[in-house]
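Trainee: If it helps, the file is called query-v5.cif and holds mmCIF, C-alpha atoms:
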data_coords
loop_
_atom_site.label_atom_id
_atom_site.label_comp_id
_atom_site.auth_asym_id
_atom_site.auth_seq_id
_atom_site.Cartn_x
_atom_site.Cartn_y
_atom_site.Cartn_z
CA MET A 1 3.02 7.43 -36.67
CA SER A 2 -0.09 7.31 -34.54
CA LEU A 3 0.19 6.68 -30.81
CA ASP A 4 -0.89 3.48 -29.12
CA LYS A 5 -3.92 4.28 -26.95
CA PRO A 6 -5.62 0.97 -26.17
CA TYR A 7 -7.62 2.57 -23.33
CA LEU A 8 -10.03 4.64 -25.41
CA ASP A 9 -12.73 1.95 -25.40
CA VAL A 10 -13.05 1.65 -21.60
CA PRO A 11 -16.51 2.94 -20.66
CA GLY A 12 -16.94 5.82 -18.20
CA THR A 13 -13.21 6.34 -18.04
CA THR A 14 -10.88 9.06 -19.29
CA ILE A 15 -7.21 8.21 -19.12
CA PHE A 16 -5.12 11.24 -18.19
CA ASP A 17 -2.48 10.98 -20.86
CA ALA A 18 -0.10 13.52 -22.35
CA GLU A 19 -2.83 14.89 -24.62
CA GLN A 20 -5.35 15.36 -21.78
CA SER A 21 -2.60 16.86 -19.63
CA ARG A 22 -1.81 19.42 -22.32
CA LYS A 23 -5.49 20.38 -22.60
CA GLY A 24 -5.89 20.61 -18.87
CA TYR A 25 -2.63 22.27 -17.87
CA HIS A 26 -4.08 25.56 -16.61
CA LEU A 27 -7.17 23.91 -15.12
CA ASN A 28 -5.00 21.54 -13.12
CA GLN A 29 -2.54 24.23 -12.10
CA PHE A 30 -5.47 26.35 -10.88
CA CYS A 31 -6.45 23.35 -8.73
CA MET A 32 -2.90 23.11 -7.37
CA SER A 33 -3.11 26.74 -6.26
CA LEU A 34 -5.87 25.71 -3.84
CA MET A 35 -3.32 23.85 -1.74
CA LYS A 36 -2.53 27.23 -0.15
CA ALA A 37 -5.04 28.29 2.52
CA ALA A 38 -4.90 31.95 1.44
CA ASN A 39 -5.81 30.99 -2.13
CA ARG A 40 -8.69 28.83 -0.92
CA GLU A 41 -10.05 31.87 0.90
CA ARG A 42 -9.71 34.13 -2.14
CA PHE A 43 -11.36 31.51 -4.36
CA LYS A 44 -14.28 31.06 -1.96
CA ALA A 45 -14.75 34.82 -1.66
CA ASN A 46 -15.21 35.25 -5.42
CA GLU A 47 -14.87 32.10 -7.50
CA ARG A 48 -15.38 33.73 -10.88
CA ALA A 49 -12.83 36.48 -10.25
CA TYR A 50 -10.28 33.93 -9.03
CA LEU A 51 -10.83 31.74 -12.09
CA ASP A 52 -10.43 34.73 -14.37
CA GLU A 53 -6.85 35.08 -13.15
CA TRP A 54 -6.08 31.80 -14.94
CA PRO A 55 -5.73 31.31 -18.72
CA MET A 56 -8.39 28.58 -18.68
CA SER A 57 -11.06 28.15 -21.33
CA GLU A 58 -14.54 29.46 -20.58
CA ASP A 59 -15.82 25.86 -20.66
CA GLN A 60 -13.28 24.85 -18.02
CA LYS A 61 -14.27 27.76 -15.79
CA LEU A 62 -17.98 26.95 -16.11
CA ALA A 63 -17.32 23.28 -15.32
CA VAL A 64 -15.46 24.29 -12.15
CA LEU A 65 -18.20 26.70 -11.09
CA ALA A 66 -20.78 23.93 -11.63
CA ARG A 67 -18.55 21.40 -9.81
CA ASP A 68 -19.17 19.11 -12.79
CA LEU A 69 -16.20 16.79 -12.35
CA ASN A 70 -17.01 14.64 -15.38
CA ARG A 71 -16.96 17.77 -17.53
CA CYS A 72 -13.73 18.95 -15.88
CA ILE A 73 -12.14 15.60 -16.71
CA SER A 74 -13.28 15.70 -20.32
CA LEU A 75 -11.65 19.15 -20.56
CA GLY A 76 -8.29 17.85 -19.34
CA GLY A 77 -8.72 17.80 -15.57
CA ASN A 78 -7.22 15.02 -13.50
CA ILE A 79 -8.97 13.69 -10.41
CA TYR A 80 -5.99 14.15 -8.08
CA PHE A 81 -5.84 17.83 -9.04
CA LEU A 82 -9.62 18.27 -9.03
CA ALA A 83 -9.61 16.82 -5.51
CA LYS A 84 -8.20 20.16 -4.33
CA ILE A 85 -11.53 21.76 -5.27
CA GLY A 86 -13.29 19.09 -3.24
CA ALA A 87 -10.99 19.74 -0.30
CA THR A 88 -11.78 23.46 -0.56
CA ASP A 89 -15.49 22.57 -0.46
CA GLY A 90 -14.97 20.18 2.48
CA LYS A 91 -15.84 17.09 0.43
CA SER A 92 -14.29 13.66 0.91
CA PHE A 93 -12.76 11.69 -1.93
CA GLN A 94 -15.70 9.32 -1.75
CA GLN A 95 -18.17 12.17 -2.16
CA MET A 96 -16.21 13.43 -5.15
CA ALA A 97 -15.94 10.04 -6.82
CA GLY A 98 -19.60 9.33 -6.19
CA SER A 99 -20.63 12.65 -7.73
CA MET A 100 -19.42 11.41 -11.12
CA THR A 101 -21.51 8.24 -11.15
CA GLY A 102 -25.03 9.64 -11.21
CA MET A 103 -25.66 7.97 -7.84
CA SER A 104 -26.59 9.67 -4.60
CA GLU A 105 -23.93 9.83 -1.93
CA GLU A 106 -25.72 7.11 0.02
CA GLU A 107 -26.20 4.86 -3.02
CA TYR A 108 -22.52 5.12 -3.88
CA ARG A 109 -21.40 4.45 -0.32
CA ASN A 110 -23.67 1.41 -0.14
CA MET A 111 -22.34 0.11 -3.45
CA MET A 112 -18.81 0.29 -2.06
CA ILE A 113 -19.78 -1.44 1.20
CA SER A 114 -21.36 -4.26 -0.80
CA GLY A 115 -18.16 -4.85 -2.72
CA GLY A 116 -17.99 -2.06 -5.27
CA ARG A 117 -18.88 -1.83 -8.93
CA SER A 118 -18.38 -5.03 -10.92
CA ALA A 119 -16.01 -5.08 -13.86
CA ASN A 120 -18.49 -7.34 -15.66
CA GLY A 121 -20.08 -5.47 -18.53
CA ASN A 122 -17.81 -2.50 -17.82
CA ARG A 123 -14.64 -3.56 -19.56
CA ARG A 124 -15.43 -2.26 -23.04
CA ILE A 125 -17.81 0.27 -24.53
CA GLY A 126 -20.77 -1.56 -26.01
CA GLU A 127 -21.20 -4.09 -23.19
CA ASP A 128 -24.14 -3.84 -20.79
CA GLY A 129 -22.67 -2.92 -17.38
CA ASP A 130 -23.85 -0.17 -15.05
CA ALA A 131 -21.07 2.25 -16.05
CA GLN A 132 -22.09 2.20 -19.71
CA ALA A 133 -23.52 5.47 -21.03
CA HIS A 134 -26.97 3.98 -21.65
CA HIS A 135 -27.26 3.00 -17.97
CA GLN A 136 -26.00 6.29 -16.57
CA PRO A 137 -28.77 8.38 -15.01
CA GLN A 138 -26.97 11.67 -15.73
CA ASP A 139 -26.73 10.74 -19.41
CA LYS A 140 -30.41 9.78 -19.44
CA LYS A 141 -31.29 13.12 -17.90
CA ALA A 142 -29.15 14.89 -20.48
CA SER A 143 -30.86 13.13 -23.37
CA ALA A 144 -34.38 13.33 -21.92
CA MET B 1 27.01 -5.14 3.33
CA ALA B 2 23.42 -3.93 3.39
CA GLN B 3 20.72 -6.54 2.85
CA ILE B 4 17.03 -6.56 2.05
CA THR B 5 15.32 -8.47 4.83
CA ALA B 6 11.71 -8.24 3.70
CA SER B 7 9.29 -6.51 1.40
CA VAL B 8 5.96 -5.07 2.51
CA TYR B 9 3.02 -4.28 0.24
CA THR B 10 -0.01 -2.22 1.13
CA SER B 11 -2.64 0.09 -0.26
CA HIS B 12 -2.29 3.73 0.80
CA VAL B 13 -5.87 5.06 0.75
CA PRO B 14 -6.08 8.62 2.20
CA ALA B 15 -9.27 7.82 4.12
CA ILE B 16 -7.30 5.22 6.12
CA GLY B 17 -5.01 8.01 7.29
CA ALA B 18 -7.99 10.15 8.21
CA ALA B 19 -9.54 7.24 10.15
CA ILE B 20 -6.32 6.82 12.16
CA ASP B 21 -5.87 10.55 12.74
CA LEU B 22 -9.48 11.02 13.85
CA GLY B 23 -9.51 7.96 16.16
CA LYS B 24 -12.07 5.99 14.13
CA THR B 25 -10.15 2.71 13.83
CA THR B 26 -12.54 0.78 16.10
CA GLU B 27 -15.69 1.92 14.29
CA PRO B 28 -17.55 -0.95 12.56
CA TYR B 29 -16.67 0.38 9.09
CA TRP B 30 -12.94 0.47 9.83
CA GLN B 31 -12.40 -2.25 12.43
CA PRO B 32 -12.06 -5.18 9.97
CA LEU B 33 -9.44 -3.28 8.01
CA PHE B 34 -7.26 -2.38 10.96
CA LYS B 35 -7.55 -5.91 12.35
CA GLY B 36 -5.71 -7.03 9.21
CA TYR B 37 -2.71 -4.92 10.23
CA GLU B 38 -2.41 -6.01 13.87
CA PHE B 39 0.03 -8.78 12.96
CA SER B 40 1.98 -6.31 10.85
CA LYS B 41 2.43 -3.74 13.61
CA GLN B 42 3.78 -6.38 15.99
CA TRP B 43 6.02 -7.81 13.26
CA MET B 44 7.32 -4.32 12.56
CA LYS B 45 8.21 -3.86 16.25
CA ASP B 46 9.99 -7.21 16.32
CA ASN B 47 11.75 -6.69 12.99
CA THR B 48 12.46 -2.97 12.82
CA PRO B 49 14.84 -2.38 9.92
CA ASP B 50 17.59 0.23 9.75
CA VAL B 51 16.04 1.84 6.68
CA ILE B 52 12.78 1.57 4.73
CA PHE B 53 12.96 2.12 0.97
CA LEU B 54 9.38 3.19 0.33
CA VAL B 55 7.97 3.08 -3.20
CA TYR B 56 4.83 5.20 -3.53
CA ASN B 57 3.29 7.79 -5.78
CA ASP B 58 2.77 11.47 -5.28
CA HIS B 59 -0.84 12.56 -5.84
CA ALA B 60 -0.45 16.07 -7.27
CA THR B 61 1.21 17.18 -4.05
CA ALA B 62 4.97 17.63 -4.44
CA PHE B 63 4.76 17.34 -8.22
CA SER B 64 2.22 19.46 -10.07
CA LEU B 65 2.12 19.49 -13.86
CA GLU B 66 5.20 21.73 -13.83
CA MET B 67 7.42 18.68 -13.57
CA ILE B 68 6.49 15.01 -13.85
CA PRO B 69 9.42 12.72 -13.04
CA THR B 70 8.78 9.07 -13.82
CA PHE B 71 11.06 7.85 -11.01
CA ALA B 72 12.17 10.24 -8.25
CA ILE B 73 14.42 9.27 -5.34
CA GLY B 74 14.30 11.38 -2.18
CA CYS B 75 17.87 12.08 -1.09
CA ALA B 76 17.10 14.73 1.55
CA ALA B 77 17.83 14.50 5.28
CA GLU B 78 14.14 14.90 6.03
CA PHE B 79 10.73 15.22 4.41
CA THR B 80 7.71 17.09 5.72
CA PRO B 81 4.20 15.57 5.60
CA ALA B 82 2.27 17.69 3.11
CA ASP B 83 -0.89 19.74 3.40
CA GLU B 84 -2.95 18.11 0.64
CA GLY B 85 -5.79 20.56 1.07
CA TRP B 86 -7.34 19.10 4.23
CA GLY B 87 -4.40 20.26 6.41
CA PRO B 88 -1.22 18.23 7.04
CA ARG B 89 -1.62 14.83 8.74
CA PRO B 90 -0.53 14.92 12.39
CA VAL B 91 2.32 12.46 11.85
CA PRO B 92 6.05 12.66 12.58
CA GLN B 93 8.56 14.24 10.25
CA VAL B 94 10.03 11.64 7.89
CA ILE B 95 13.77 11.27 8.41
CA GLY B 96 15.69 10.29 5.30
CA HIS B 97 18.90 8.36 4.75
CA PRO B 98 20.87 10.61 2.38
CA GLU B 99 23.97 8.37 2.31
CA LEU B 100 22.16 5.22 1.21
CA ALA B 101 19.85 7.21 -1.08
CA ALA B 102 22.80 8.81 -2.87
CA HIS B 103 24.48 5.41 -3.18
CA ILE B 104 21.33 3.88 -4.69
CA ALA B 105 20.88 6.85 -7.05
CA GLN B 106 24.41 6.53 -8.38
CA SER B 107 24.24 2.76 -8.74
CA VAL B 108 20.80 2.65 -10.37
CA ILE B 109 21.56 5.46 -12.84
CA GLN B 110 24.76 3.66 -13.82
CA ASP B 111 22.50 0.64 -14.33
CA ASP B 112 20.59 2.59 -17.04
CA PHE B 113 17.56 3.79 -15.05
CA ASP B 114 17.29 7.56 -15.28
CA LEU B 115 16.19 8.56 -11.81
CA THR B 116 15.34 12.12 -10.85
CA ILE B 117 17.20 13.11 -7.69
CA VAL B 118 15.04 15.14 -5.32
CA ASN B 119 16.59 17.05 -2.44
CA LYS B 120 13.49 18.94 -1.35
CA MET B 121 10.07 17.33 -1.30
CA ASP B 122 6.98 17.13 0.88
CA VAL B 123 5.48 13.66 1.16
CA ASP B 124 1.76 12.94 0.91
CA HIS B 125 -0.59 10.18 2.05
CA GLY B 126 0.97 7.78 -0.44
CA LEU B 127 3.98 7.60 1.86
CA THR B 128 2.57 8.41 5.30
CA VAL B 129 -0.48 6.08 5.28
CA PRO B 130 1.65 2.92 4.85
CA LEU B 131 3.88 4.11 7.71
CA SER B 132 0.81 4.66 9.91
CA LEU B 133 -0.61 1.24 9.04
CA MET B 134 2.64 -0.53 9.85
CA CYS B 135 3.84 1.59 12.79
CA GLY B 136 0.69 2.99 14.41
CA GLN B 137 0.94 6.45 15.92
CA PRO B 138 4.46 6.81 17.34
CA THR B 139 6.02 10.18 18.23
CA ALA B 140 8.82 9.37 15.76
CA TRP B 141 8.93 6.83 12.93
CA PRO B 142 11.02 3.82 13.96
CA CYS B 143 13.73 4.29 11.32
CA PRO B 144 14.84 6.46 8.41
CA VAL B 145 12.85 6.26 5.16
CA ILE B 146 13.98 6.78 1.56
CA PRO B 147 10.96 8.00 -0.44
CA PHE B 148 10.84 6.73 -4.01
CA ALA B 149 8.07 8.40 -6.01
CA VAL B 150 6.75 6.84 -9.22
CA ASN B 151 4.58 8.69 -11.72
CA VAL B 152 1.32 6.77 -11.99
CA VAL B 153 -0.83 9.90 -12.43
CA GLN B 154 -0.10 10.92 -16.01
CA TYR B 155 -0.05 8.21 -18.68
CA PRO B 156 1.99 6.62 -19.95
CA VAL B 157 3.23 5.40 -16.57
CA PRO B 158 6.18 2.99 -16.46
CA SER B 159 5.35 -0.56 -17.50
CA GLY B 160 5.22 -3.43 -15.06
CA GLN B 161 8.27 -4.91 -16.72
CA ARG B 162 10.28 -1.71 -16.33
CA CYS B 163 9.23 -1.44 -12.69
CA TYR B 164 10.25 -5.03 -12.04
CA ASN B 165 13.63 -4.53 -13.74
CA LEU B 166 14.16 -1.31 -11.80
CA GLY B 167 13.50 -3.23 -8.60
CA LYS B 168 16.26 -5.62 -9.52
CA ALA B 169 18.64 -2.69 -10.02
CA ILE B 170 17.63 -1.26 -6.64
CA GLY B 171 18.25 -4.67 -5.09
CA ARG B 172 21.76 -4.75 -6.58
CA ALA B 173 22.41 -1.20 -5.39
CA ILE B 174 21.40 -1.99 -1.81
CA ALA B 175 23.45 -5.19 -1.81
CA SER B 176 26.55 -3.20 -2.82
CA TYR B 177 26.28 -0.65 0.03
CA ASP B 178 29.22 -1.03 2.35
CA GLN B 179 27.39 -0.82 5.70
CA PRO B 180 25.62 -3.66 7.51
CA LEU B 181 22.14 -2.18 7.18
CA LYS B 182 18.90 -4.13 7.28
CA VAL B 183 16.66 -2.65 4.62
CA GLN B 184 12.97 -3.25 3.98
CA ILE B 185 11.51 -2.33 0.62
CA TRP B 186 7.85 -1.39 0.50
CA GLY B 187 5.58 -1.27 -2.54
CA THR B 188 2.39 0.70 -2.02
CA GLY B 189 -0.81 1.77 -3.78
CA GLY B 190 -3.70 -0.16 -5.30
CA MET B 191 -5.47 -2.45 -5.22
CA SER B 192 -8.40 -2.23 -7.65
CA HIS B 193 -9.99 1.20 -7.64
CA GLN B 194 -11.24 3.88 -9.96
CA LEU B 195 -11.78 7.41 -8.70
CA GLN B 196 -13.08 9.08 -11.83
CA GLY B 197 -15.95 9.08 -14.27
CA PRO B 198 -19.16 7.04 -14.35
CA ARG B 199 -17.10 3.85 -13.78
CA ALA B 200 -15.85 5.16 -10.39
CA GLY B 201 -16.14 2.59 -7.61
CA LEU B 202 -14.91 -0.35 -9.66
CA ILE B 203 -13.56 -3.23 -7.54
CA ASN B 204 -12.29 -6.56 -8.81
CA LYS B 205 -11.60 -9.12 -6.08
CA GLU B 206 -10.72 -11.88 -8.54
CA PHE B 207 -8.13 -9.72 -10.29
CA ASP B 208 -6.67 -8.49 -6.99
CA ASN B 209 -6.29 -11.95 -5.50
CA ALA B 210 -4.80 -13.33 -8.69
CA PHE B 211 -2.34 -10.42 -8.60
CA LEU B 212 -1.36 -11.28 -5.01
CA ASP B 213 -0.90 -14.96 -5.93
CA ARG B 214 1.23 -14.11 -8.90
CA LEU B 215 3.26 -11.39 -7.20
CA ILE B 216 4.32 -14.02 -4.67
CA ALA B 217 4.87 -17.00 -6.98
CA ASP B 218 5.37 -15.67 -10.51
CA PRO B 219 6.51 -12.04 -10.49
CA GLU B 220 8.24 -12.49 -13.85
CA GLY B 221 4.91 -13.40 -15.38
CA GLN B 222 3.03 -10.61 -13.60
CA ALA B 223 5.61 -8.09 -14.84
CA LYS B 224 4.56 -8.86 -18.42
CA VAL B 225 0.93 -7.83 -17.85
CA PRO B 226 0.27 -4.65 -19.89
CA HIS B 227 -1.27 -1.46 -18.48
CA ILE B 228 -4.52 -1.91 -20.31
CA ASP B 229 -5.26 -5.09 -18.34
CA TYR B 230 -4.96 -3.14 -15.08
CA VAL B 231 -7.19 -0.34 -16.43
CA ARG B 232 -9.89 -2.67 -17.70
CA GLU B 233 -9.84 -5.11 -14.79
CA ALA B 234 -8.71 -3.06 -11.78
CA GLY B 235 -9.82 0.48 -12.68
CA SER B 236 -7.91 3.48 -13.94
CA GLU B 237 -6.22 4.01 -10.55
CA GLY B 238 -5.55 0.27 -10.13
CA ILE B 239 -2.49 0.94 -12.28
CA GLU B 240 -0.75 1.91 -9.02
CA LEU B 241 -0.12 -1.82 -8.58
CA VAL B 242 2.88 -1.63 -10.93
CA MET B 243 4.71 -0.07 -7.99
CA TRP B 244 4.47 -3.36 -6.10
CA LEU B 245 6.61 -4.91 -8.84
CA ILE B 246 9.49 -2.58 -7.95
CA ALA B 247 9.57 -3.91 -4.40
CA ARG B 248 9.16 -7.49 -5.61
CA GLY B 249 11.95 -7.10 -8.16
CA ALA B 250 14.37 -6.09 -5.41
CA MET B 251 13.88 -9.44 -3.65
CA SER B 252 16.06 -12.50 -4.10
CA THR B 253 15.08 -14.90 -6.89
CA LYS B 254 14.43 -17.60 -4.28
CA PRO B 255 10.74 -17.95 -3.39
CA PRO B 256 9.96 -15.60 -0.48
CA LYS B 257 8.35 -16.70 2.77
CA VAL B 258 4.82 -15.31 3.02
CA LEU B 259 4.54 -13.98 6.57
CA HIS B 260 1.21 -12.23 6.18
CA ARG B 261 -1.52 -11.77 3.61
CA PHE B 262 -4.67 -9.68 3.96
CA TYR B 263 -7.39 -8.39 1.65
CA HIS B 264 -10.39 -6.21 2.43
CA VAL B 265 -13.09 -4.26 0.58
CA PRO B 266 -13.74 -1.37 0.91
CA ALA B 267 -11.70 1.49 2.26
CA SER B 268 -13.59 4.44 0.84
CA ASN B 269 -13.36 3.82 -2.96
CA THR B 270 -10.66 1.18 -2.84
CA ALA B 271 -9.80 -2.48 -2.31
CA VAL B 272 -7.06 -2.92 0.27
CA GLY B 273 -4.37 -5.54 -0.16
CA HIS B 274 -1.42 -6.25 2.09
CA LEU B 275 1.51 -8.69 2.06
CA ILE B 276 4.67 -9.18 4.07
CA LEU B 277 7.28 -11.29 2.28
CA GLU B 278 10.47 -12.33 4.00
CA ASN B 279 13.50 -12.42 1.74
CA GLN B 280 15.24 -15.78 1.40
CA VAL B 281 18.91 -15.47 0.56
#
Can you dump the structure from the file as structure tokens?
Mentor:
Amino acid sequence: MSLDKPYLDVPGTTIFDAEQSRKGYHLNQFCMSLMKAANRERFKANERAYLDEWPMSEDQKLAVLARDLNRCISLGGNIYFLAKIGATDGKSFQQMAGSMTGMSEEEYRNMMISGGRSANGNRRIGEDGDAQAHHQPQDKKASA
Amino acid sequence: MAQITASVYTSHVPAIGAAIDLGKTTEPYWQPLFKGYEFSKQWMKDNTPDVIFLVYNDHATAFSLEMIPTFAIGCAAEFTPADEGWGPRPVPQVIGHPELAAHIAQSVIQDDFDLTIVNKMDVDHGLTVPLSLMCGQPTAWPCPVIPFAVNVVQYPVPSGQRCYNLGKAIGRAIASYDQPLKVQIWGTGGMSHQLQGPRAGLINKEFDNAFLDRLIADPEGQAKVPHIDYVREAGSEGIELVMWLIARGAMSTKPPKVLHRFYHVPASNTAVGHLILENQV
């Protein structure tokens, strides 16, 4: 019997379910290791060598090195785990969240101050809101 | 017998904790938010309970992917504020109430809710930010706290209906405790927010205020709202709001007295909602 996943048609959103969690297990556990100061130091000293200690896929390692959080999430990462990388880099949660939207830090901060992103047009894939793929600057860049 | 005197609801945004810890509460960005909690801090001083039963979620702090309990009750004598990667918050140790926690665990498990009993656990901003908002910056928290962690990180998370029913079981458990304790139950997290993907930054004031209205007046109806409505309308992390239904479920079936209601956008990525409901028995 197939599983009930009614959330697959929400634009710009990856729900961290049991399947994503399975894919991202080692990626997320690597992130957890950064809660220890000594591990943060070792990671910063040689990121690639530290990542190679973990049975992560090459794609996952490259996404971490590039700090491409959208890619990390598509490969099974969860934002609360990925936040440990941000903490290691000295980034705030707002900076991390903003980095996934194709907006500059200032643009994202201003959007939040003016009330945040509207749900209108962003409830289902195929509508016309600002979180839809065809309005995302990073997607435009990728396809350009 | 123990009794639930009130329930408190609040968002638990980490940046709020940082603003308190770094002395930024009077800055223009933060001042309107903290103004909304001035009543609450005074009320807390005037109505200090004997125990707070605090429903929150762990954010990949105490629970990694090694173990993911859906409902975990903290039965330890004390809980240490965690280092979440930015260093531990400079807040007091959280003192537990092992006797009441063990009583609730036994009662609620016998009532068919399979709780995970946790005797060693650090607590993250999900628990300490609500305490800071309600109590300010004391050298010790005003009373013992029973942490109750709900998995809202990995889907599927418990449904609103299950949370509401669990709250009722917790209410029965507290009412059957043979000591005259005044207990507050707090539901934390939310309101609308999304922290991931191109849709990050989503806020939905209409949804949030309708949720507040319904939590007060029609919790049975709100409990029936499926997850997908929260995800679509309130963002992927807005699902944290199901935890408020646990606290609401523990209240008497008589309409509660609304002592305080506050709503503010934004705190970092998040809409902040806050209620104090006095239990009517």
Trainee: Care to translate the PyMOL selection byres ((chain B) within 6 of (chain A)) into actual residues of this file, as JSON, numbers by chain?
Mentor: {"B": [59, 60, 85, 86, 154, 155, 195, 196, 197, 198, 199, 201, 202, 203, 232, 268]}
Trainee: Atom CA of His97 of chain B to atom CA of Lys254 of chain B: how many Å, to one decimal?
Mentor: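 These atoms are spaced 27.8 Å apart.
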Trainee: Give one line per residue of segment 1-33 of chain B that approaches segment 177-181 of chain B to at most 12 Å, naming the two atoms of the closest pair and their distance in Å to one decimal, counting only C-alpha atoms; sort by chain then ascending residue number and deliver it as a tab-separated table.
Mentor:
residue	atom	partner	partner_atom	distance
B:Met1	CA	B:Pro180	CA	4.6
B:Ala2	CA	B:Leu181	CA	4.4
B:Gln3	CA	B:Leu181	CA	6.3
B:Ile4	CA	B:Leu181	CA	8.5
B:Thr5	CA	B:Leu181	CA	9.6
Trainee: Would you put the residues from that selection into a file with C-alpha atoms, as a PDB file, keeping the file's coordinate frame?
Mentor:
ATOM      1  CA  MET B   1      27.010  -5.140   3.330  1.00  0.00           C
ATOM      2  CA  ALA B   2      23.420  -3.930   3.390  1.00  0.00           C
ATOM      3  CA  GLN B   3      20.720  -6.540   2.850  1.00  0.00           C
ATOM      4  CA  ILE B   4      17.030  -6.560   2.050  1.00  0.00           C
ATOM      5  CA  THR B   5      15.320  -8.470   4.830  1.00  0.00           C
TER       6      THR B   5
END
Trainee: Take the PyMOL selection byres ((chain B and resi 160-166) around 7), apply it to the structure above, and return the hits as a JSON list (two decimals) with C-alpha atoms, in the coordinates of the input.
Mentor:
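Result file follows (out20.json):
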[["chain", "number", "residue", "atom", "x", "y", "z"],
["B", 113, "PHE", "CA", 17.56, 3.79, -15.05],
["B", 158, "PRO", "CA", 6.18, 2.99, -16.46],
["B", 159, "SER", "CA", 5.35, -0.56, -17.50],
["B", 167, "GLY", "CA", 13.50, -3.23, -8.60],
["B", 168, "LYS", "CA", 16.26, -5.62, -9.52],
["B", 169, "ALA", "CA", 18.64, -2.69, -10.02],
["B", 170, "ILE", "CA", 17.63, -1.26, -6.64],
["B", 223, "ALA", "CA", 5.61, -8.09, -14.84],
["B", 224, "LYS", "CA", 4.56, -8.86, -18.42],
["B", 225, "VAL", "CA", 0.93, -7.83, -17.85],
["B", 242, "VAL", "CA", 2.88, -1.63, -10.93],
["B", 243, "MET", "CA", 4.71, -0.07, -7.99],
["B", 245, "LEU", "CA", 6.61, -4.91, -8.84],
["B", 246, "ILE", "CA", 9.49, -2.58, -7.95],
["B", 248, "ARG", "CA", 9.16, -7.49, -5.61],
["B", 249, "GLY", "CA", 11.95, -7.10, -8.16]]
Trainee: Go through B:Gly189, B:Gly171, B:Pro142, B:Gly273 one by one, measure the shortest atom-to-atom distance of each to Lys205 of chain B using all atoms listed in the file, and give the residue with the smallest value.
Mentor: B:Gly273
Trainee: Rounded to one decimal in Å, what is the spacing between atom CA of Val272 of chain B and atom CA of Pro88 of chain B?
Mentor: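 So the answer is 23.0 Å.
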Trainee: Of the residues B:Leu100, B:Glu66, B:Thr25, B:Gly190, which is the one nearest to Phe30 of chain A, using only C-alpha atoms?
Mentor: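 Of the candidates, the smallest distance to Phe30 of chain A is held by B:Glu66.
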Trainee: Ranking B:Met121, B:Val157, B:Leu259, B:Ala77 by minimum distance to Phe39 of chain B and counting only C-alpha atoms, which one comes first?
Mentor: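 Nearest to Phe39 of chain B: B:Leu259.
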Trainee: List, as an NGL selection string, every residue that the PyMOL selection byres ((chain B and resi 276) around 7) selects in the file provided.
Mentor: :B and (7-9 or 258-261 or 275 or 277-278)
Trainee: Just to confirm, what's the straight-line distance from atom CA of Lys24 of chain B to atom CA of Leu133 of chain B in Å (one decimal)?
Mentor: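 Separating atom CA of Lys24 of chain B from atom CA of Leu133 of chain B is a distance of 13.4 Å.
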Trainee: Tell me, as a tab-separated table (two decimals) with C-alpha atoms, in the coordinates of the input, which residues lie within 9 Å of His12 of chain B, counting all atoms listed in the file; anything in the same chain fewer than 2 positions away does not count.
Mentor:
chain	number	residue	atom	x	y	z
B	10	THR	CA	-0.01	-2.22	1.13
B	14	PRO	CA	-6.08	8.62	2.20
B	15	ALA	CA	-9.27	7.82	4.12
B	16	ILE	CA	-7.30	5.22	6.12
B	17	GLY	CA	-5.01	8.01	7.29
B	56	TYR	CA	4.83	5.20	-3.53
B	125	HIS	CA	-0.59	10.18	2.05
B	126	GLY	CA	0.97	7.78	-0.44
B	127	LEU	CA	3.98	7.60	1.86
B	128	THR	CA	2.57	8.41	5.30
B	129	VAL	CA	-0.48	6.08	5.28
B	130	PRO	CA	1.65	2.92	4.85
B	133	LEU	CA	-0.61	1.24	9.04
B	188	THR	CA	2.39	0.70	-2.02
B	189	GLY	CA	-0.81	1.77	-3.78
B	190	GLY	CA	-3.70	-0.16	-5.30
B	272	VAL	CA	-7.06	-2.92	0.27
Trainee: Taking all atoms of segment 93-104 of chain B that the file lists and extending 3 Å past them on each side, where is the centre of the axis-aligned box and how long are its edges? Answer in Å to one decimal, as AutoDock Vina command-line options.
Mentor:
--center_x 16.5 --center_y 9.1 --center_z 2.8 --size_x 21.9 --size_y 16.4 --size_z 20.9
Trainee: Just want the 9 Å neighbourhood of Gly36 of chain B, counted on all atoms listed in the file, with same-chain residues fewer than 6 positions away dropped. Output as a PyMOL selection string.
Mentor: chain B and resi 261-264+274
Trainee: Quick one: of B:Ser176, B:Ser252, B:Asn119, B:Thr26, who's nearest to Ile146 of chain B, counting all atoms listed in the file?
Mentor: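 Looking at the shortest contact to Ile146 of chain B, the residue is B:Asn119.
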Trainee: Please provide as a PyMOL selection string all residues within 9 Å of Gln137 of chain B, with the sequence filter that same-chain residues fewer than 6 positions apart are discarded (counting only C-alpha atoms).
Mentor: chain B and resi 20-21+91-92
Trainee: What lies within 9 Å of His103 of chain B using all atoms listed in the file, ignoring chain neighbours under 3 positions off, as a PyMOL selection string?
Mentor: chain B and resi 98-100+106-108+173-174+176-177
Trainee: Using only C-alpha atoms, find the one residue out of B:Ile228, B:Cys135, B:Ala250, B:Ala102 that sits nearest to Asp4 of chain A.
Mentor: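 Smallest separation from Asp4 of chain A among the options: B:Ile228.
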